[in-house]
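**Student:** To be precise about what I am sending: the file is called run.txt and holds compact mmCIF, C-alpha atoms and all ligand atoms.
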```txt
# COMPACT_ATOMS: atom_id res chain seq x y z
CA MET A 33 0.00 0.00 0.00
CA ALA A 34 1.31 3.43 -0.90
CA ARG A 35 1.68 5.65 2.12
CA ARG A 36 2.54 9.33 1.76
CA PRO A 37 5.75 10.07 3.65
CA LEU A 38 5.55 12.46 6.59
CA VAL A 39 8.58 14.53 7.52
CA ALA A 40 8.04 15.87 11.02
CA GLY A 41 10.16 18.13 13.21
CA ASN A 42 10.01 18.08 17.01
CA TRP A 43 11.56 21.30 18.24
CA LYS A 44 11.35 20.19 21.88
CA MET A 45 12.07 23.10 24.29
CA ASN A 46 13.73 25.23 21.64
CA GLY A 47 12.56 28.30 19.79
CA LEU A 48 11.51 31.90 20.35
CA LYS A 49 9.38 34.22 18.24
CA ALA A 50 12.42 35.03 16.10
CA SER A 51 12.62 31.35 15.09
CA ALA A 52 9.79 32.06 12.69
CA ALA A 53 12.55 32.82 10.17
CA GLU A 54 13.44 29.10 10.10
CA LEU A 55 9.79 28.14 9.66
CA THR A 56 9.49 30.55 6.76
CA LYS A 57 12.43 28.81 5.08
CA ILE A 58 10.88 25.40 5.74
CA VAL A 59 7.57 26.53 4.25
CA ALA A 60 9.36 27.80 1.15
CA GLY A 61 11.40 24.61 0.75
CA ALA A 62 8.44 22.31 1.30
CA SER A 63 6.62 23.87 -1.61
CA SER A 64 9.09 22.24 -3.99
CA LEU A 65 8.88 18.79 -2.35
CA PRO A 66 5.40 17.62 -3.39
CA ASN A 67 5.92 13.93 -2.54
CA ALA A 68 5.89 14.28 1.23
CA ASP A 69 3.74 15.83 3.94
CA PHE A 70 5.34 18.15 6.48
CA LEU A 71 4.75 18.80 10.16
CA ILE A 72 6.57 21.12 12.55
CA CYS A 73 5.91 20.83 16.29
CA PRO A 74 7.28 23.95 18.01
CA PRO A 75 6.90 24.68 21.73
CA ALA A 76 3.30 25.51 22.67
CA THR A 77 4.13 29.21 22.96
CA LEU A 78 4.77 29.33 19.21
CA VAL A 79 1.92 27.15 17.90
CA ALA A 80 -0.48 30.01 17.12
CA GLN A 81 2.19 32.19 15.51
CA PHE A 82 3.55 29.30 13.43
CA ALA A 83 0.09 28.12 12.40
CA ALA A 84 -0.74 31.60 11.13
CA LEU A 85 2.57 31.74 9.24
CA ALA A 86 2.15 28.29 7.68
CA LYS A 87 -1.53 28.69 6.85
CA GLY A 88 -2.28 27.58 3.31
CA SER A 89 1.20 26.06 2.93
CA ARG A 90 2.26 22.40 2.79
CA VAL A 91 3.52 22.55 6.40
CA ALA A 92 1.17 21.54 9.21
CA ILE A 93 1.80 22.68 12.78
CA GLY A 94 1.50 20.43 15.82
CA GLY A 95 1.89 20.39 19.59
CA GLN A 96 4.41 18.26 21.50
CA ASP A 97 2.05 17.00 24.21
CA CYS A 98 -1.47 17.50 25.48
CA ARG A 99 -3.41 16.67 28.60
CA ALA A 100 -6.19 14.11 28.26
CA GLU A 101 -8.94 16.29 29.74
CA PRO A 102 -10.52 18.99 27.56
CA SER A 103 -10.35 21.67 30.31
CA GLY A 104 -10.13 22.03 34.07
CA ALA A 105 -7.95 22.78 37.06
CA PHE A 106 -4.65 21.46 35.68
CA THR A 107 -2.19 24.31 36.11
CA GLY A 108 0.37 24.53 33.36
CA ASP A 109 -1.17 21.85 31.17
CA ILE A 110 -2.59 22.27 27.67
CA ALA A 111 -5.63 20.49 26.23
CA ALA A 112 -5.78 19.03 22.73
CA GLU A 113 -8.69 21.38 22.09
CA MET A 114 -6.46 24.36 22.92
CA LEU A 115 -3.82 23.24 20.42
CA LYS A 116 -6.53 22.81 17.81
CA ASP A 117 -7.88 26.27 18.64
CA ALA A 118 -4.39 27.72 18.21
CA GLY A 119 -4.20 26.26 14.70
CA ALA A 120 -2.50 22.91 15.28
CA SER A 121 -3.60 19.88 13.30
CA ALA A 122 -1.49 17.26 15.10
CA VAL A 123 0.10 16.49 18.45
CA ILE A 124 2.96 14.25 19.55
CA VAL A 125 2.03 12.00 22.47
CA GLY A 126 4.15 9.61 24.52
CA HIS A 127 7.54 10.98 23.54
CA SER A 128 10.23 9.20 25.56
CA GLU A 129 11.17 12.51 27.19
CA ARG A 130 7.57 12.82 28.46
CA ARG A 131 7.60 9.20 29.59
CA ARG A 132 10.94 9.74 31.37
CA TYR A 133 10.67 13.22 32.87
CA HIS A 134 6.93 13.23 33.53
CA GLY A 135 6.40 9.56 34.36
CA GLU A 136 3.87 9.06 31.57
CA THR A 137 2.59 5.50 31.43
CA ASP A 138 1.21 3.70 28.38
CA ALA A 139 -2.30 4.25 29.77
CA ALA A 140 -1.68 8.00 30.08
CA VAL A 141 -0.36 8.10 26.53
CA ARG A 142 -3.42 6.25 25.27
CA ALA A 143 -5.70 8.78 27.00
CA LYS A 144 -3.78 11.59 25.31
CA ALA A 145 -4.11 9.90 21.92
CA GLN A 146 -7.86 9.62 22.53
CA ALA A 147 -7.94 13.31 23.46
CA ALA A 148 -6.20 14.15 20.20
CA ARG A 149 -8.85 12.26 18.24
CA ARG A 150 -11.62 13.95 20.24
CA ALA A 151 -10.17 17.35 19.36
CA GLY A 152 -9.67 16.50 15.70
CA LEU A 153 -5.88 16.32 15.89
CA LEU A 154 -3.66 13.68 14.30
CA ALA A 155 -1.87 11.85 17.12
CA VAL A 156 1.80 11.01 16.60
CA VAL A 157 2.23 8.20 19.13
CA CYS A 158 5.86 7.57 20.12
CA VAL A 159 7.33 4.23 21.16
CA GLY A 160 10.90 3.01 21.56
CA GLU A 161 13.06 0.72 23.65
CA SER A 162 15.83 1.68 26.05
CA ARG A 163 19.47 0.68 25.59
CA ALA A 164 19.12 -1.92 28.34
CA GLU A 165 16.07 -3.45 26.66
CA ARG A 166 17.87 -3.68 23.32
CA ASP A 167 20.99 -5.17 24.91
CA ALA A 168 18.82 -7.77 26.63
CA GLY A 169 17.25 -8.78 23.31
CA GLN A 170 13.94 -7.31 24.46
CA ALA A 171 13.56 -4.45 21.95
CA LEU A 172 10.63 -5.95 20.04
CA ALA A 173 8.88 -7.06 23.22
CA ALA A 174 9.25 -3.63 24.83
CA VAL A 175 7.94 -1.79 21.78
CA GLY A 176 5.10 -4.31 21.36
CA LYS A 177 4.02 -3.69 24.94
CA GLN A 178 4.12 0.09 24.46
CA LEU A 179 2.11 -0.17 21.27
CA ASP A 180 -0.54 -2.36 22.86
CA GLY A 181 -0.85 -0.03 25.84
CA SER A 182 -0.55 3.32 24.12
CA LEU A 183 -2.74 3.04 21.03
CA PRO A 184 -6.48 3.49 21.50
CA ASP A 185 -8.54 0.49 20.40
CA GLY A 186 -9.72 0.77 16.85
CA GLU A 187 -7.39 3.67 16.19
CA THR A 188 -7.10 4.01 12.44
CA ASP A 189 -6.00 7.55 11.93
CA CYS A 190 -2.79 8.04 13.83
CA VAL A 191 0.92 8.04 13.13
CA VAL A 192 3.35 5.83 15.04
CA ALA A 193 6.89 7.11 15.63
CA TYR A 194 9.56 4.55 16.50
CA GLU A 195 12.26 6.33 18.46
CA PRO A 196 14.83 4.10 20.16
CA VAL A 197 15.63 6.01 23.35
CA TRP A 198 19.35 5.37 22.98
CA ALA A 199 19.37 6.96 19.51
CA ILE A 200 17.76 10.24 20.58
CA GLY A 201 20.20 13.13 20.62
CA THR A 202 23.18 10.79 20.66
CA GLY A 203 24.27 10.63 17.03
CA VAL A 204 24.00 6.84 17.30
CA THR A 205 21.44 5.09 15.10
CA PRO A 206 20.28 1.52 14.62
CA THR A 207 21.48 -0.35 11.53
CA GLN A 208 19.18 -0.38 8.53
CA ASP A 209 18.49 -4.07 9.23
CA ASP A 210 17.43 -3.25 12.79
CA VAL A 211 15.12 -0.52 11.50
CA ILE A 212 13.59 -2.87 8.94
CA ALA A 213 13.03 -5.53 11.62
CA MET A 214 11.41 -3.11 14.06
CA HIS A 215 9.21 -1.30 11.54
CA GLY A 216 8.10 -4.64 10.07
CA PHE A 217 7.23 -5.81 13.57
CA ILE A 218 5.25 -2.63 14.29
CA ARG A 219 3.40 -2.99 11.00
CA GLU A 220 2.46 -6.61 11.82
CA ARG A 221 1.31 -5.58 15.26
CA LEU A 222 -0.90 -2.79 13.88
CA VAL A 223 -2.52 -5.17 11.42
CA ALA A 224 -2.90 -7.89 14.08
CA ARG A 225 -4.62 -5.43 16.44
CA GLY A 226 -7.41 -5.36 13.94
CA VAL A 227 -6.70 -1.80 13.01
CA ALA A 228 -8.59 -1.93 9.75
CA SER A 229 -6.15 0.36 8.05
CA GLY A 230 -3.06 -0.98 9.81
CA GLN A 231 -1.44 -1.03 6.41
CA GLY A 232 -2.21 2.67 6.02
CA VAL A 233 -0.80 3.91 9.35
CA ARG A 234 2.47 5.75 8.79
CA ILE A 235 5.41 4.58 10.89
CA LEU A 236 8.08 7.25 11.31
CA TYR A 237 11.65 6.63 12.37
CA GLY A 238 13.13 9.07 14.91
CA GLY A 239 16.49 9.30 16.65
CA SER A 240 19.53 11.19 15.32
CA VAL A 241 18.16 11.55 11.78
CA LYS A 242 20.59 13.83 9.92
CA PRO A 243 21.13 14.71 6.26
CA ALA A 244 24.04 12.24 6.14
CA ASN A 245 22.07 9.19 7.31
CA ALA A 246 18.59 10.10 6.08
CA ARG A 247 18.67 8.07 2.90
CA GLU A 248 19.75 4.87 4.62
CA LEU A 249 17.19 5.20 7.41
CA LEU A 250 14.23 6.53 5.44
CA THR A 251 14.37 4.20 2.46
CA ALA A 252 14.06 1.10 4.67
CA ALA A 253 10.88 -0.96 4.27
CA ASN A 254 7.94 0.28 6.35
CA VAL A 255 9.63 3.58 7.16
CA ASP A 256 7.11 6.21 6.12
CA GLY A 257 8.97 9.32 7.18
CA ALA A 258 10.95 10.79 10.04
CA LEU A 259 10.45 12.47 13.38
CA ILE A 260 13.45 14.77 13.59
CA GLY A 261 14.70 16.51 16.73
CA GLY A 262 17.92 18.52 16.61
CA ALA A 263 18.24 18.63 12.82
CA SER A 264 14.73 20.07 12.48
CA LEU A 265 15.80 23.33 14.12
CA LYS A 266 17.77 24.32 11.03
CA ALA A 267 15.68 24.64 7.90
CA ASP A 268 18.58 23.65 5.67
CA ASP A 269 19.13 20.36 7.52
CA PHE A 270 15.42 19.61 7.77
CA LEU A 271 14.95 20.18 4.05
CA ALA A 272 18.07 18.17 3.18
CA ILE A 273 16.54 15.22 5.03
CA ALA A 274 13.18 15.73 3.31
CA ALA A 275 14.95 15.78 -0.05
CA VAL A 276 15.14 11.98 0.22
CA TYR A 277 11.54 12.13 -1.05
CA ARG A 278 12.29 14.43 -3.98
P1 LIG A 301 17.09 13.86 17.66
O1 LIG A 301 16.78 13.91 16.18
O2 LIG A 301 17.66 15.14 18.18
O3 LIG A 301 17.90 12.65 18.00
O4 LIG A 301 15.68 13.72 18.41
C1 LIG A 301 14.78 12.75 17.99
C2 LIG A 301 13.50 12.98 18.69
O5 LIG A 301 13.38 12.77 19.88
C3 LIG A 301 12.36 13.49 17.90
O6 LIG A 301 11.18 13.41 18.62
```
Give the structure from the file, written as structure tokens.

**Tutor:**
Amino acid sequence: MARRPLVAGNWKMNGLKASAAELTKIVAGASSLPNADFLICPPATLVAQFAALAKGSRVAIGGQDCRAEPSGAFTGDIAAEMLKDAGASAVIVGHSERRRYHGETDAAVRAKAQAARRAGLLAVVCVGESRAERDAGQALAAVGKQLDGSLPDGETDCVVAYEPVWAIGTGVTPTQDDVIAMHGFIRERLVARGVASGQGVRILYGGSVKPANARELLTAANVDGALIGGASLKADDFLAIAAVYR
């Protein structure tokens, strides 16, 4: 099944109003790359500004997290509905940094993915094993467990991002064979869950994607795009990665 690639940038806790200059460059570059979809997830403070800037372009804007509830006494948290209201069309949920620094469980991630659907946002659900799990030969089992616990039942319209924790921000990446094995496993699991369109769900690879390794990582079977951290902060690098889909 043909799946349209998605090239997504997770800016994490980086970016000020002046960073709009990079977004403007990304918007311009994306217009000449018609074979992929684009998503930039800036910090929440920039979502409205970026959404206004990217309006009508090929670049969608997303949040990096949301709370499951639509509103209420949850100081400092942001609802999926608020991101939608600010102009977002997607939200990352279950990033390993949220799981690690905020103790998010699979059940919490699933509730956030459900909130995204409720608000009309595309959920980008992140999974990935730790170094210890990979070294113990438990990478597939760990990711399978996260998938089962984090994806809402019957979810058909989400994106899964495979981000091995040990590859994030380290410059270290899995081999192409490891990526093929993991993405094939995730695909099988999606189909086996009875997700009717399991074949249609895009599975992104994330973790130290750079212009130099993009082709090897992104042309592997069942890799339908990238979730890019550090390299997405520079428009030139982000677009050089996306050029794999030229
Ligand atoms: P890096 O590309 O900086 O390794 O980050 C990956 C990531 O966590 C994207 O969500």

**Student:** Taking into account all atoms listed in the file, which residue in the set A:Arg130, A:Arg225, A:Ser240, A:Arg219 is nearest to Asn254 (chain A)?

**Tutor:**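 Using all atoms listed in the file, the shortest distance to Asn254 (chain A) belongs to A:Arg219.
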
**Student:** For region 184-192 of chain A, work out the shell of residues within 9 Å, counting only C-alpha atoms and skipping chain neighbours fewer than 6 positions away, then give it as number ranges by chain.

**Tutor:** A: 142-143, 145-146, 149, 154-159, 218, 225-230, 232-237

**Student:** Mind writing the picked residues with C-alpha atoms as an mmCIF file, in the frame of the given file?

**Tutor:**
```cif
data_model
loop_
_atom_site.group_PDB
_atom_site.id
_atom_site.type_symbol
_atom_site.label_atom_id
_atom_site.label_comp_id
_atom_site.auth_asym_id
_atom_site.auth_seq_id
_atom_site.Cartn_x
_atom_site.Cartn_y
_atom_site.Cartn_z
ATOM 1 C CA ARG A 142 -3.420 6.250 25.270
ATOM 2 C CA ALA A 143 -5.700 8.780 27.000
ATOM 3 C CA ALA A 145 -4.110 9.900 21.920
ATOM 4 C CA GLN A 146 -7.860 9.620 22.530
ATOM 5 C CA ARG A 149 -8.850 12.260 18.240
ATOM 6 C CA LEU A 154 -3.660 13.680 14.300
ATOM 7 C CA ALA A 155 -1.870 11.850 17.120
ATOM 8 C CA VAL A 156 1.800 11.010 16.600
ATOM 9 C CA VAL A 157 2.230 8.200 19.130
ATOM 10 C CA CYS A 158 5.860 7.570 20.120
ATOM 11 C CA VAL A 159 7.330 4.230 21.160
ATOM 12 C CA ILE A 218 5.250 -2.630 14.290
ATOM 13 C CA ARG A 225 -4.620 -5.430 16.440
ATOM 14 C CA GLY A 226 -7.410 -5.360 13.940
ATOM 15 C CA VAL A 227 -6.700 -1.800 13.010
ATOM 16 C CA ALA A 228 -8.590 -1.930 9.750
ATOM 17 C CA SER A 229 -6.150 0.360 8.050
ATOM 18 C CA GLY A 230 -3.060 -0.980 9.810
ATOM 19 C CA GLY A 232 -2.210 2.670 6.020
ATOM 20 C CA VAL A 233 -0.800 3.910 9.350
ATOM 21 C CA ARG A 234 2.470 5.750 8.790
ATOM 22 C CA ILE A 235 5.410 4.580 10.890
ATOM 23 C CA LEU A 236 8.080 7.250 11.310
ATOM 24 C CA TYR A 237 11.650 6.630 12.370
#
```

**Student:** With distances taken over all atoms listed in the file, which of A:Ile212, A:Val91, A:Leu55, A:Ile124 is nearest to Ala76 (chain A)?

**Tutor:**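 Between A:Ile212, A:Val91, A:Leu55, A:Ile124, the residue approaching Ala76 (chain A) most closely is A:Ile124.
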
**Student:** Where does chain A meet ligand LIG 301 (chain A) within 6 Å, residue by residue, with the nearest atom pair and distance in Å to one decimal for each, counting only C-alpha atoms and all ligand atoms, listed by chain and rising number, as CSV?

**Tutor:**
```
residue,atom,partner,partner_atom,distance
A:Asn42,CA,A:LIG301,O6,5.1
A:Ile200,CA,A:LIG301,O3,3.5
A:Gly201,CA,A:LIG301,O3,3.5
A:Gly238,CA,A:LIG301,C1,5.1
A:Gly239,CA,A:LIG301,O3,3.9
A:Ser240,CA,A:LIG301,O3,3.5
A:Val241,CA,A:LIG301,O1,5.2
A:Leu259,CA,A:LIG301,C3,5.0
A:Ile260,CA,A:LIG301,O1,4.3
A:Gly261,CA,A:LIG301,O1,3.4
A:Gly262,CA,A:LIG301,O2,3.7
A:Ala263,CA,A:LIG301,O1,6.0
```

**Student:** Take every atom of region 112-123 of chain A listed in the file, fit an axis-aligned box around them, add 4 Å per side, and give the centre and edge lengths in Å to one decimal as JSON.

**Tutor:**
```
{"center_x": -4.3, "center_y": 22.1, "center_z": 18.1, "size_x": 16.8, "size_y": 19.2, "size_z": 17.6}
```

**Student:** Under the rule that only C-alpha atoms are counted, which of A:Val125, A:Val39, A:Leu115, A:Ala252 is the nearest residue to Ser264 (chain A)?

**Tutor:**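 Of A:Val125, A:Val39, A:Leu115, A:Ala252, the one nearest Ser264 (chain A) is A:Val39, counting only C-alpha atoms.
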
**Student:** Could you name the residues that touch Ser182 (chain A) at 8 Å or less, counting all atoms listed in the file, but leaving out those on the same chain fewer than 3 positions away, as a list in words?

**Tutor:** Gly126, Asp138, Ala139, Ala140, Val141, Arg142, Ala145, Val157, Gln178 and Leu179 of chain A

**Student:** Looking at A:Lys87, A:Lys44, A:Lys177, A:Arg166, which one is nearest to Pro206 (chain A), with distances taken over all atoms listed in the file?

**Tutor:** A:Arg166

**Student:** Of the candidates A:Asn245, A:Asn46, A:Gln170, A:Thr56, which shows the shortest atom-to-atom distance to Thr207 (chain A), using all atoms listed in the file?

**Tutor:**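 Of A:Asn245, A:Asn46, A:Gln170, A:Thr56, the one nearest Thr207 (chain A) is A:Asn245, counting all atoms listed in the file.
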
**Student:** Compare A:Glu54, A:Glu165, A:Asp97, A:Asp256 by their minimum atom-to-atom distance to Tyr277 (chain A), counting all atoms listed in the file, and give me the closest one.

**Tutor:**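 Among the listed residues, the smallest separation from Tyr277 (chain A) belongs to A:Asp256.
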
**Student:** Separation of CA of Val204 (chain A) and CA of Asp69 (chain A), in Å?

**Tutor:** 25.9 Å

**Student:** What does the structure give for the distance between CA of Ala171 (chain A) and CA of Gly135 (chain A), in Å to one decimal?

**Tutor:**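 Calculated distance between CA of Ala171 (chain A) and CA of Gly135 (chain A) is 20.0 Å.
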
**Student:** What separation in Å, quoted to one decimal, exists between CA of Ala274 (chain A) and CA of Ala174 (chain A)?

**Tutor:**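 CA of Ala174 (chain A) lies 29.2 Å from CA of Ala274 (chain A).
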
**Student:** Could you pull the residues within 10 Å of Ala112 (chain A), counting all atoms listed in the file, minus those fewer than 2 positions along the same chain, as number ranges by chain?

**Tutor:** A: 95, 97-103, 110, 114-118, 120-123, 144-153, 155

**Student:** Write out as a list of chain:residue names the residues lying within 10 Å of Ala86 (chain A), counting only C-alpha atoms and excluding same-chain residues fewer than 5 positions away.

**Tutor:**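 Counting only C-alpha atoms, the residues come to A:Ala52, A:Leu55, A:Thr56, A:Ile58, A:Val59, A:Ala60, A:Ile72, A:Ala80, A:Gln81, A:Val91, A:Ala92, A:Ile93, A:Gly119.
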